[in-house]
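Pasting query.cif here (mmCIF, C-alpha atoms):
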```
data_entry
#
loop_
_atom_site.label_atom_id
_atom_site.label_comp_id
_atom_site.auth_asym_id
_atom_site.auth_seq_id
_atom_site.Cartn_x
_atom_site.Cartn_y
_atom_site.Cartn_z
CA MET A 1 4.99 33.03 26.65
CA MET A 2 3.43 31.39 23.61
CA ARG A 3 0.33 29.32 24.39
CA ASN A 4 -0.08 25.72 23.30
CA ARG A 5 -2.07 25.12 20.14
CA ARG A 6 -5.59 23.81 20.77
CA VAL A 7 -6.87 20.80 18.82
CA VAL A 8 -10.61 20.14 19.05
CA ILE A 9 -11.85 16.72 17.96
CA VAL A 10 -15.58 16.32 17.40
CA GLY A 11 -16.71 12.70 17.74
CA ALA A 12 -15.33 9.82 19.82
CA GLY A 13 -15.74 7.06 17.27
CA PHE A 14 -12.83 5.00 16.00
CA GLY A 15 -11.15 7.84 14.09
CA GLY A 16 -11.70 10.63 16.60
CA LEU A 17 -10.64 8.59 19.60
CA GLN A 18 -7.51 7.34 17.83
CA ALA A 19 -6.57 10.89 16.84
CA ALA A 20 -6.95 12.06 20.45
CA GLN A 21 -4.77 9.25 21.78
CA SER A 22 -2.12 9.83 19.10
CA LEU A 23 -1.94 13.53 20.01
CA ALA A 24 -1.46 12.89 23.74
CA ASN A 25 2.20 13.93 23.81
CA SER A 26 2.15 16.41 20.93
CA GLY A 27 2.50 19.52 23.08
CA ALA A 28 -0.95 20.69 21.97
CA ASP A 29 -3.99 20.99 24.23
CA VAL A 30 -6.42 18.39 22.90
CA LEU A 31 -10.15 18.49 23.59
CA LEU A 32 -12.32 15.53 22.56
CA ILE A 33 -16.06 16.24 22.30
CA ASP A 34 -18.92 13.74 22.10
CA ARG A 35 -22.60 13.70 23.03
CA ASN A 36 -22.04 10.46 24.96
CA ASN A 37 -19.43 9.71 27.61
CA TYR A 38 -18.68 6.32 26.08
CA HIS A 39 -17.21 4.88 22.90
CA THR A 40 -19.49 2.40 21.12
CA PHE A 41 -17.93 -0.62 19.44
CA VAL A 42 -20.29 -0.46 16.48
CA PRO A 43 -19.36 -3.79 14.79
CA LEU A 44 -20.99 -5.71 17.66
CA LEU A 45 -24.24 -3.73 17.80
CA TYR A 46 -26.08 -6.50 15.98
CA GLN A 47 -25.19 -8.91 18.81
CA VAL A 48 -26.80 -6.50 21.27
CA ALA A 49 -29.89 -6.37 19.06
CA THR A 50 -30.15 -10.17 18.97
CA GLY A 51 -29.74 -10.70 22.70
CA GLN A 52 -26.26 -12.18 22.62
CA ILE A 53 -24.34 -9.58 24.63
CA GLU A 54 -25.15 -6.85 27.13
CA PRO A 55 -25.08 -3.25 25.80
CA GLU A 56 -22.52 -2.26 28.44
CA TYR A 57 -20.02 -4.76 27.05
CA ILE A 58 -19.47 -2.68 23.91
CA ALA A 59 -19.81 0.76 25.51
CA TYR A 60 -16.49 1.78 27.03
CA PRO A 61 -16.05 5.02 29.05
CA ILE A 62 -14.07 7.58 27.08
CA ARG A 63 -12.39 8.97 30.19
CA THR A 64 -11.09 5.48 31.01
CA ILE A 65 -9.58 5.13 27.55
CA LEU A 66 -7.89 8.53 27.87
CA ARG A 67 -6.76 7.94 31.46
CA ARG A 68 -3.33 6.70 30.38
CA SER A 69 -2.60 10.18 29.01
CA PHE A 70 -3.43 11.71 32.38
CA PHE A 71 -1.00 9.46 34.24
CA LYS A 72 1.83 9.54 31.72
CA TYR A 73 2.21 13.32 31.62
CA GLN A 74 2.29 15.82 34.48
CA LYS A 75 -0.34 18.01 32.89
CA PRO A 76 -3.24 16.28 31.12
CA GLN A 77 -3.02 17.21 27.44
CA VAL A 78 -6.10 15.28 26.33
CA GLN A 79 -9.38 16.27 27.93
CA PHE A 80 -12.95 15.19 27.28
CA LEU A 81 -16.15 17.19 27.19
CA MET A 82 -19.59 15.60 27.03
CA THR A 83 -21.78 18.01 25.09
CA GLU A 84 -23.69 18.43 21.85
CA VAL A 85 -22.11 20.35 18.97
CA GLU A 86 -24.65 22.76 17.50
CA HIS A 87 -22.63 24.73 14.95
CA ILE A 88 -19.11 25.17 13.62
CA ASP A 89 -17.83 28.58 12.52
CA PHE A 90 -14.84 28.00 10.27
CA SER A 91 -13.97 31.67 9.74
CA GLY A 92 -13.97 32.39 13.48
CA GLN A 93 -12.47 28.96 14.32
CA VAL A 94 -15.17 28.33 16.91
CA VAL A 95 -17.14 25.20 17.81
CA LYS A 96 -20.47 26.16 19.35
CA THR A 97 -21.93 23.62 21.78
CA THR A 98 -24.88 23.46 24.14
CA ASN A 99 -22.44 24.42 26.91
CA GLY A 100 -20.82 27.37 25.16
CA ALA A 101 -18.29 28.25 22.45
CA ILE A 102 -14.85 26.63 22.10
CA ASN A 103 -12.02 28.13 20.08
CA TYR A 104 -9.64 25.94 18.12
CA ASP A 105 -6.41 26.14 16.16
CA PHE A 106 -6.93 22.76 14.54
CA LEU A 107 -10.22 20.90 14.14
CA VAL A 108 -10.81 17.21 13.50
CA LEU A 109 -14.30 16.25 12.33
CA ALA A 110 -15.08 12.64 13.20
CA THR A 111 -18.85 12.70 13.63
CA GLY A 112 -19.42 9.47 11.74
CA SER A 113 -22.53 8.49 9.84
CA ARG A 114 -26.26 8.01 10.17
CA THR A 115 -28.75 5.70 8.51
CA GLN A 116 -29.58 6.59 4.91
CA PHE A 117 -33.18 5.80 3.92
CA TRP A 118 -32.78 6.73 0.23
CA GLY A 119 -36.05 8.65 0.23
CA VAL A 120 -38.16 5.52 0.72
CA SER A 121 -41.54 6.59 2.04
CA GLY A 122 -42.19 5.47 5.62
CA ALA A 123 -38.77 3.89 6.14
CA GLU A 124 -37.59 6.41 8.71
CA GLU A 125 -40.90 6.22 10.60
CA TYR A 126 -41.49 2.46 10.65
CA ALA A 127 -38.14 0.72 10.11
CA PHE A 128 -35.58 0.00 12.82
CA SER A 129 -32.08 1.32 12.23
CA MET A 130 -29.04 0.16 14.20
CA ARG A 131 -26.41 2.86 14.60
CA SER A 132 -26.47 3.35 18.38
CA LEU A 133 -26.90 1.40 21.59
CA ASP A 134 -30.39 2.81 22.08
CA GLU A 135 -31.43 1.64 18.63
CA ALA A 136 -29.94 -1.83 19.18
CA VAL A 137 -31.79 -2.23 22.49
CA ALA A 138 -35.02 -0.99 20.88
CA LEU A 139 -34.65 -3.65 18.18
CA ARG A 140 -33.98 -6.33 20.80
CA ASN A 141 -37.15 -5.29 22.62
CA GLN A 142 -39.09 -5.48 19.37
CA ILE A 143 -37.87 -8.97 18.43
CA PHE A 144 -38.74 -10.55 21.77
CA SER A 145 -42.01 -8.60 22.03
CA CYS A 146 -43.10 -10.05 18.69
CA PHE A 147 -42.68 -13.59 20.01
CA GLU A 148 -44.48 -12.74 23.26
CA GLN A 149 -47.41 -11.38 21.25
CA ALA A 150 -47.34 -14.25 18.76
CA ILE A 151 -48.03 -16.92 21.39
CA GLN A 152 -51.20 -15.03 22.34
CA GLU A 153 -52.37 -14.25 18.81
CA SER A 154 -55.14 -16.50 17.48
CA ASP A 155 -55.44 -14.81 14.08
CA ALA A 156 -53.08 -16.54 11.63
CA THR A 157 -52.54 -13.43 9.48
CA ARG A 158 -51.55 -11.20 12.39
CA ARG A 159 -49.37 -13.97 13.85
CA GLN A 160 -47.52 -14.28 10.53
CA GLN A 161 -47.01 -10.53 10.55
CA LEU A 162 -45.41 -10.75 14.00
CA LEU A 163 -43.16 -13.65 12.98
CA THR A 164 -41.82 -12.11 9.77
CA PHE A 165 -38.53 -10.23 10.07
CA ILE A 166 -37.34 -8.24 7.06
CA ILE A 167 -33.77 -6.96 6.76
CA VAL A 168 -33.21 -4.32 4.07
CA GLY A 169 -29.61 -4.27 2.88
CA GLY A 170 -27.26 -7.09 1.94
CA GLY A 171 -24.01 -5.68 3.25
CA ALA A 172 -22.05 -7.06 6.19
CA THR A 173 -24.50 -5.79 8.83
CA GLY A 174 -27.53 -7.24 7.07
CA VAL A 175 -25.86 -10.61 6.55
CA GLU A 176 -24.59 -10.77 10.13
CA LEU A 177 -28.01 -9.87 11.49
CA ALA A 178 -29.75 -12.50 9.36
CA GLY A 179 -27.35 -15.19 10.59
CA ALA A 180 -27.78 -14.12 14.22
CA LEU A 181 -31.57 -14.35 13.92
CA VAL A 182 -31.22 -17.89 12.57
CA GLU A 183 -29.03 -18.79 15.54
CA MET A 184 -31.70 -17.41 17.89
CA LEU A 185 -34.42 -19.46 16.21
CA ARG A 186 -32.41 -22.65 16.44
CA GLY A 187 -31.49 -22.04 20.05
CA CYS A 188 -33.20 -20.10 22.82
CA LEU A 189 -36.38 -19.06 20.98
CA ARG A 190 -37.37 -22.61 20.08
CA ARG A 191 -37.02 -23.61 23.73
CA ASP A 192 -38.69 -20.49 25.12
CA TYR A 193 -41.73 -20.64 22.85
CA PRO A 194 -42.57 -24.32 22.34
CA THR A 195 -46.15 -23.55 21.30
CA ILE A 196 -45.04 -21.57 18.22
CA ASP A 197 -44.81 -23.39 14.91
CA PHE A 198 -41.41 -22.17 13.78
CA ARG A 199 -42.23 -23.01 10.19
CA GLU A 200 -44.24 -19.78 10.34
CA VAL A 201 -41.17 -17.70 11.14
CA ARG A 202 -39.71 -15.93 8.12
CA ILE A 203 -36.38 -14.11 7.87
CA ILE A 204 -36.18 -12.12 4.65
CA LEU A 205 -33.10 -10.28 3.38
CA VAL A 206 -33.75 -7.71 0.64
CA GLN A 207 -30.85 -6.51 -1.52
CA THR A 208 -31.05 -4.06 -4.43
CA GLY A 209 -27.94 -5.46 -6.13
CA ASP A 210 -27.41 -8.81 -7.81
CA ARG A 211 -25.27 -10.20 -4.99
CA LEU A 212 -24.49 -9.89 -1.30
CA LEU A 213 -21.37 -8.37 0.29
CA VAL A 214 -20.39 -6.23 -2.71
CA GLU A 215 -17.25 -5.06 -0.88
CA LEU A 216 -15.86 -8.62 -1.13
CA PRO A 217 -15.08 -10.76 -4.21
CA LYS A 218 -18.10 -12.02 -6.14
CA LYS A 219 -17.53 -15.68 -5.24
CA LEU A 220 -17.74 -14.82 -1.54
CA GLY A 221 -21.06 -13.06 -2.12
CA VAL A 222 -22.34 -16.13 -3.96
CA HIS A 223 -21.16 -18.38 -1.13
CA THR A 224 -22.92 -16.15 1.41
CA TYR A 225 -26.16 -16.32 -0.59
CA LYS A 226 -26.03 -20.13 -0.71
CA LYS A 227 -25.21 -20.43 2.99
CA LEU A 228 -28.06 -18.13 4.07
CA HIS A 229 -30.43 -20.06 1.80
CA GLN A 230 -29.35 -23.30 3.50
CA LEU A 231 -30.05 -21.69 6.88
CA GLY A 232 -33.59 -20.83 5.82
CA VAL A 233 -33.16 -17.12 5.07
CA GLU A 234 -35.19 -15.89 2.09
CA VAL A 235 -32.85 -13.69 0.05
CA TYR A 236 -34.41 -11.27 -2.44
CA LEU A 237 -31.77 -10.06 -4.92
CA GLN A 238 -32.27 -7.16 -7.36
CA THR A 239 -35.27 -6.07 -5.32
CA ARG A 240 -36.06 -2.57 -4.12
CA VAL A 241 -38.30 -1.43 -1.29
CA SER A 242 -40.70 1.24 -2.51
CA GLN A 243 -42.53 1.96 0.74
CA VAL A 244 -42.71 0.94 4.39
CA THR A 245 -46.00 1.26 6.23
CA ASP A 246 -47.19 0.22 9.67
CA GLY A 247 -46.92 -3.55 9.45
CA PHE A 248 -46.09 -3.89 5.74
CA VAL A 249 -43.17 -3.65 3.30
CA HIS A 250 -43.99 -2.72 -0.28
CA LEU A 251 -41.59 -3.83 -3.01
CA GLU A 252 -41.17 -2.23 -6.43
CA ASN A 253 -42.40 -5.45 -8.06
CA GLU A 254 -45.74 -4.71 -6.32
CA GLU A 255 -45.33 -7.52 -3.77
CA ILE A 256 -46.48 -6.56 -0.28
CA ILE A 257 -45.02 -8.47 2.68
CA PRO A 258 -46.72 -8.22 6.10
CA SER A 259 -44.13 -7.62 8.83
CA LYS A 260 -44.02 -5.84 12.18
CA THR A 261 -40.21 -5.78 12.19
CA VAL A 262 -38.36 -4.07 9.36
CA ILE A 263 -34.63 -3.58 9.97
CA TRP A 264 -32.90 -0.99 7.77
CA THR A 265 -29.22 -1.66 7.06
CA ALA A 266 -29.31 -0.45 3.44
CA GLY A 267 -26.90 2.44 3.67
CA LEU A 268 -25.21 5.24 5.56
CA GLU A 269 -24.65 8.93 4.95
CA ALA A 270 -22.28 11.43 6.51
CA ASN A 271 -23.45 12.94 9.78
CA LEU A 272 -22.13 16.48 9.43
CA PRO A 273 -23.06 19.01 12.14
CA GLY A 274 -24.23 22.52 11.25
CA VAL A 275 -21.46 24.55 9.63
CA SER A 276 -21.01 28.21 8.72
CA GLU A 277 -20.40 27.59 5.04
CA GLU A 278 -20.95 24.94 2.41
CA LEU A 279 -18.20 22.38 2.00
CA ALA A 280 -17.44 20.31 -1.07
CA VAL A 281 -19.24 17.00 -0.65
CA ALA A 282 -19.34 13.76 -2.61
CA HIS A 283 -21.41 10.57 -2.55
CA LYS A 284 -23.53 10.11 0.60
CA GLY A 285 -22.76 13.65 1.74
CA LYS A 286 -19.14 12.89 2.58
CA ILE A 287 -16.72 15.81 2.82
CA VAL A 288 -14.19 15.92 -0.01
CA VAL A 289 -10.69 16.12 1.46
CA HIS A 290 -7.14 16.40 0.19
CA PRO A 291 -4.98 13.24 0.25
CA THR A 292 -3.67 14.63 3.56
CA LEU A 293 -7.27 14.40 4.94
CA GLN A 294 -7.48 18.21 5.16
CA VAL A 295 -10.81 19.78 4.19
CA LEU A 296 -10.41 21.47 0.81
CA GLU A 297 -11.40 24.95 1.97
CA HIS A 298 -9.60 24.94 5.35
CA PRO A 299 -6.04 23.58 5.84
CA ASN A 300 -6.44 23.50 9.64
CA VAL A 301 -9.56 21.32 9.51
CA TYR A 302 -9.46 17.55 9.00
CA ALA A 303 -12.18 14.97 8.38
CA VAL A 304 -11.91 11.23 9.06
CA GLY A 305 -13.97 8.05 9.04
CA ASP A 306 -17.45 7.91 7.53
CA LEU A 307 -17.45 11.71 7.24
CA ALA A 308 -14.54 11.88 4.77
CA TYR A 309 -14.53 11.03 1.08
CA VAL A 310 -11.12 9.52 0.45
CA GLU A 311 -9.95 7.94 -2.80
CA GLN A 312 -7.14 5.45 -3.14
CA ASN A 313 -6.11 3.66 -6.33
CA GLY A 314 -9.04 5.27 -8.11
CA LYS A 315 -11.65 3.95 -5.66
CA SER A 316 -13.26 5.50 -2.61
CA LEU A 317 -12.61 3.92 0.76
CA SER A 318 -15.58 2.11 2.26
CA GLY A 319 -15.54 3.64 5.74
CA VAL A 320 -14.84 0.58 7.90
CA ALA A 321 -13.26 0.81 11.35
CA PRO A 322 -9.65 -0.05 10.33
CA GLU A 323 -9.70 2.84 7.84
CA ALA A 324 -10.87 5.28 10.52
CA LEU A 325 -8.22 4.06 12.97
CA GLN A 326 -5.41 4.57 10.46
CA GLN A 327 -6.83 7.97 9.50
CA GLY A 328 -6.82 9.00 13.16
CA VAL A 329 -3.10 8.22 13.37
CA ALA A 330 -2.41 10.05 10.09
CA VAL A 331 -4.29 13.18 11.17
CA ALA A 332 -2.38 13.31 14.46
CA ARG A 333 0.89 13.00 12.56
CA ASN A 334 -0.07 15.81 10.17
CA ILE A 335 -1.15 18.16 12.95
CA ARG A 336 2.19 17.57 14.67
CA LEU A 337 3.92 18.48 11.39
CA GLN A 338 1.86 21.65 10.98
CA ILE A 339 2.61 22.73 14.56
CA ARG A 340 6.31 22.45 13.71
CA GLY A 341 5.79 24.48 10.54
CA LYS A 342 6.12 21.53 8.16
CA SER A 343 3.81 20.30 5.41
CA PRO A 344 1.36 17.45 6.14
CA LYS A 345 1.80 14.12 4.33
CA PRO A 346 -0.75 12.16 2.27
CA PHE A 347 -2.69 9.37 3.92
CA ASN A 348 -2.18 5.86 2.57
CA TYR A 349 -4.51 3.12 3.80
CA PHE A 350 -3.00 -0.31 4.36
CA ASN A 351 -5.74 -2.89 3.84
CA LYS A 352 -5.17 -5.80 6.20
CA GLY A 353 -8.15 -7.71 4.77
CA ARG A 354 -11.90 -7.99 5.18
CA LEU A 355 -13.99 -10.48 7.15
CA ALA A 356 -17.72 -11.03 7.50
CA ILE A 357 -19.57 -13.48 9.69
CA ILE A 358 -22.58 -15.37 8.35
CA GLY A 359 -23.50 -17.18 11.54
CA CYS A 360 -23.84 -20.81 12.55
CA TYR A 361 -20.04 -21.25 12.60
CA SER A 362 -19.57 -19.88 9.10
CA GLY A 363 -18.01 -16.75 7.62
CA VAL A 364 -16.16 -15.34 4.63
CA GLY A 365 -12.95 -13.38 4.32
CA LYS A 366 -10.22 -12.04 2.06
CA ILE A 367 -6.67 -11.30 3.15
CA GLY A 368 -4.37 -10.14 0.38
CA ALA A 369 -5.18 -12.24 -2.66
CA VAL A 370 -6.50 -15.16 -0.61
CA ALA A 371 -10.26 -15.60 -0.22
CA PHE A 372 -11.61 -18.21 2.18
CA THR A 373 -14.89 -19.34 3.73
CA GLY A 374 -16.33 -21.47 6.50
CA PHE A 375 -15.27 -22.07 10.08
CA LEU A 376 -11.82 -20.46 9.76
CA ALA A 377 -13.31 -17.15 8.57
CA TRP A 378 -15.89 -17.29 11.37
CA LEU A 379 -13.20 -17.91 14.00
CA MET A 380 -10.93 -15.18 12.62
CA TRP A 381 -13.82 -12.70 12.68
CA LEU A 382 -14.37 -13.39 16.38
CA GLY A 383 -10.67 -13.11 17.14
CA VAL A 384 -10.14 -9.84 15.28
CA HIS A 385 -13.11 -8.13 16.92
CA LEU A 386 -12.06 -9.36 20.34
CA VAL A 387 -8.59 -7.83 19.85
CA TYR A 388 -9.92 -4.44 18.70
CA LEU A 389 -12.48 -4.20 21.51
CA PRO A 390 -11.23 -1.67 24.13
CA GLY A 391 -10.79 -2.83 27.72
CA TYR A 392 -9.63 -6.17 29.13
CA ARG A 393 -12.78 -6.57 31.19
CA SER A 394 -15.02 -6.15 28.14
CA ARG A 395 -12.93 -8.64 26.18
CA LEU A 396 -13.16 -11.21 28.95
CA LEU A 397 -16.90 -10.77 29.39
CA ILE A 398 -17.58 -11.03 25.68
CA LEU A 399 -15.32 -14.06 25.33
CA LEU A 400 -17.20 -15.82 28.15
CA THR A 401 -20.52 -14.80 26.60
CA TRP A 402 -19.51 -16.19 23.22
CA LEU A 403 -18.43 -19.47 24.81
CA HIS A 404 -21.78 -19.72 26.58
CA THR A 405 -23.70 -18.84 23.42
CA TYR A 406 -21.99 -21.25 21.07
CA LEU A 407 -21.54 -24.16 23.50
CA PHE A 408 -25.12 -24.13 24.79
CA SER A 409 -26.97 -22.48 21.85
CA ASP A 410 -28.38 -19.95 24.30
CA ARG A 411 -28.66 -16.18 24.65
CA HIS A 412 -29.05 -14.84 28.15
CA VAL A 413 -30.01 -11.22 27.34
CA ARG A 414 -33.71 -11.80 26.66
CA VAL A 415 -35.35 -9.19 28.86
CA ILE A 416 -37.73 -6.65 27.35
CA ILE A 417 -37.06 -3.21 28.78
CA SER A 418 -39.48 -0.52 27.71
CA PRO A 419 -37.91 2.86 28.55
CA LYS A 420 -40.07 5.21 30.59
CA ARG A 421 -39.46 8.84 29.74
CA LYS A 422 -39.98 11.99 31.70
CA ARG A 423 -39.50 15.69 31.00
CA VAL A 424 -36.51 17.33 32.64
CA HIS A 425 -35.80 21.05 32.62
CA ASN A 426 -32.24 22.09 31.86
CA PRO A 427 -31.89 25.66 33.12
CA GLN A 428 -28.42 26.07 31.65
CA ALA A 429 -29.59 25.51 28.08
CA ASP A 430 -33.17 26.63 28.80
CA VAL A 431 -34.60 23.75 26.82
CA HIS A 432 -36.73 20.74 27.57
CA TYR A 433 -35.52 17.34 26.55
CA LEU A 434 -36.45 13.72 27.08
CA GLN A 435 -34.29 11.70 29.41
CA GLU A 436 -34.56 8.00 29.97
CA SER A 437 -35.25 7.01 33.55
CA ARG A 438 -33.48 3.92 34.72
#
```

Go ahead and express the file in the form of C-alpha cells.
Amino acid sequence: MMRNRRVVIVGAGFGGLQAAQSLANSGADVLLIDRNNYHTFVPLLYQVATGQIEPEYIAYPIRTILRRSFFKYQKPQVQFLMTEVEHIDFSGQVVKTTNGAINYDFLVLATGSRTQFWGVSGAEEYAFSMRSLDEAVALRNQIFSCFEQAIQESDATRRQQLLTFIIVGGGATGVELAGALVEMLRGCLRRDYPTIDFREVRIILVQTGDRLLVELPKKLGVHTYKKLHQLGVEVYLQTRVSQVTDGFVHLENEEIIPSKTVIWTAGLEANLPGVSEELAVAHKGKIVVHPTLQVLEHPNVYAVGDLAYVEQNGKSLSGVAPEALQQGVAVARNIRLQIRGKSPKPFNYFNKGRLAIIGCYSGVGKIGAVAFTGFLAWLMWLGVHLVYLPGYRSRLLILLTWLHTYLFSDRHVRVIISPKRKRVHNPQADVHYLQESR
C-alpha cells in the first residue's frame, strides 16, 4: 500500500497557516511546525505596544485554527508540532528540529522576516524592534516606564531624554505607531501624569527617503506627512541614522538627539533557517523562486511570504499579509497538482488595495485607481483588520476595546510587567535556556 505524501510547513504566519488549511483534504499528511503554539496577527502589534489591546487578543492558538480539519475528516490530515527548526537538509529531504528529524516529500518555507538594522552601529543593542508579542510588550513597558521615571526626574536634560520617542522608518508601521503615540498623549497619559508638561514630550519620525509610505501614491505620502505634522509629530525626511547609543540617536547630519526610546521599524529581511546548501537570494535575503513559488534549485520546496522574492509586472511584491495568504492558497494548489503528477501553475497576486492608519480618526488608502484619505480610510482600515483577525472571540474583544478607546480616549492596558527569568534544564535537548515565569 502506497503511503500518503508528507508535506512539512515551517512557520505558522499568514502564508504557512493558509497553506496548511488549504491542504487539509488533499490526501497528504500535513505537518505544520512553529516555535510558538499561537499565530500572531502582526498588523496589530503596534496597538499592543501602545497599550490599546491585550497581547492575547492577537495571539490565536494554532491548534484551534486547525481544529476544523480534525472534525471534518475521520483521520486528522493536518497536525501541528511546536518545536524549533535547527537545520534543513534538502538533499536528504529532512527537517532537523530540537525534537528530532522529520522527513518530507514537499516542504513549504514560511518562516517570515526579522528586523533589518542596515548595519547601523548600536541599533540592534539599543533600539526596540516590534516583530513579536514579546517585543511589543517590552516596548509597552518601556513607554510607560519612561513616564513613571519622568515624574520623579528633577534634571531637565534627563527628563527630556525620557520624554523623547524616536521612530526610525516611515513605512506603515512607523506611521501607525507615531499616530498611536499621539492618541496616548492626548488621552490617558495626560490624565495619568498631570504634573508632566506635555510640551516637553517629543515624537520624532525619521525617514531616509523624501516621503512617507512609499508603497502608496506620492500624494498619500504627502498627506500623511502634513497630518502627522498637524498632530505634533516631528518628521525628519531624507535623514539617516548613523549610530544608536545608550540614550542617544546620532544622525548623519551630525545632529545628536537624546532619547531613551528608539523604535526601529526601518526594514525587514528574510528569516531563513539553517540550510544544507546556498540558495539563490535577492534583496533583503529573500529566496528567489519560480513564478510557481518553487525554490529554483528544488521543485519540491516552496517559499512564501516575506521569505520569497516574487516579481509581478516587473516589480517585486512588498510582503504584506494579503500576498502571503494568496501565496498559501497557490502553494497548496500546486502541491495537489504535483501529487497527481501534473505541473504546478504560476502564482498571480490580486491586489485588493492598500490601507494605512495615521491615527486620530484619519487614514489613507488606495483601491484600484481610487486614492482617498481621512475618516473613511481610517474606518475601512479598522474593518478590514477586524475581518482578517482569526477567531470570533478575538474580534469581539478587539471591537469592544476599540469602542472604549475611541469613545473615551482611554487605553486600559497600562500595566508595566517586568519579566522575571529563571534557568530551566531541558534534559531532552541537553541545553539550558531562559524561560519567562508568569

Just give me the gap between CA of Glu269 (chain A) and CA of Ile53 (chain A) in Å, one decimal is fine. 27.0 Å

Evaluate the PyMOL selection byres ((chain A and resi 138) around 12) and report residues as a VMD selection string: chain A and resid 45 to 46 48 to 51 55 127 to 137 139 to 145 261 263 415 to 419

Can you list what the PyMOL selection byres ((chain A and resi 217-224) around 10) grabs from this structure, as an MDAnalysis selection string? chainID A and resid 170:171 175 210:216 225:230 356:358 362:366 371:374

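When CA of Ala101 (chain A) is paired with CA of Val288 (chain A), their separation reads 25.9 Å.
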
Give me the residues near Leu272 (chain A) as a ChimeraX atom specification, where near means some atom within 10 Å (using all atoms listed in the file) and where sequence neighbours in that chain fewer than 3 positions away do not count. /A:87,109-114,269,275,285-287,306-307

Rounded to one decimal in Å, what is the spacing between CA of Asn300 (chain A) and CA of Leu23 (chain A)? 15.1 Å

Could you expand the PyMOL selection byres ((chain A and resi 30) around 7) into the explicit residues it covers here, written as an MDAnalysis selection string? chainID A and resid 6:8 20 28:29 31:32 77:79

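Minimum atom-to-atom distances from A:Thr239, A:Ser409, A:Gln47, A:Ser343 to Leu189 (chain A) were compared using all atoms listed in the file, and the lowest value belongs to A:Ser409.
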
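If only C-alpha atoms are the atoms counted, then among A:Thr265, A:Asn348, A:Ser318, A:Ser121 the closest residue to Val241 (chain A) is A:Ser121.
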
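Closest approach to Glu153 (chain A) among A:Leu81, A:Val182, A:Ile62, A:Ile196: A:Ile196, based on only C-alpha atoms.
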
Residue among A:Ser316, A:Thr164, A:Ser22, A:Thr173 lying closest to Trp264 (chain A), counting all atoms listed in the file: A:Thr173

What lies within 12 Å of Arg340 (chain A) using all atoms listed in the file, ignoring chain neighbours under 2 positions off, as a VMD selection string? chain A and resid 4 to 5 26 to 28 333 to 338 342 to 344

Might you pull out every residue within 12 Å of Thr83 (chain A), with all atoms listed in the file counted and same-chain residues fewer than 4 positions away left off, and present them as a list of chain:residue names? A:Val10, A:Gly11, A:Ala12, A:Leu31, A:Leu32, A:Ile33, A:Asp34, A:Arg35, A:Asn36, A:Asn37, A:Val95, A:Lys96, A:Thr97, A:Thr98, A:Asn99, A:Gly100, A:Ala101, A:Ile102, A:Ala429

Could you pull the residues within 9 Å of Val262 (chain A), counting all atoms listed in the file, minus those fewer than 5 positions along the same chain, as a PyMOL selection string? chain A and resi 123+126-129+164-168+244+247-249

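The neighbours of Val387 (chain A) here are the residues that come within 12 Å of it, using all atoms listed in the file and leaving out any residue fewer than 6 positions away in the same chain; they are A:Phe41, A:Met380, A:Trp381, A:Ser394, A:Arg395, A:Leu396, A:Ile398, A:Leu399.
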
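With all atoms listed in the file as the atoms that count, the residue of A:Asp192, A:Glu323, A:Asp410, A:Glu86 with the shortest distance to Gly15 (chain A) is A:Glu323.
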
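Once only C-alpha atoms are considered, the residues situated within 12 Å of the file point (-45.3, -23.7, 22.7) turn out to be Phe147, Glu148, Ala150, Ile151, Gln152, Leu189, Arg190, Arg191, Asp192, Tyr193, Pro194, Thr195, Ile196, Asp197 and Phe198 of chain A.
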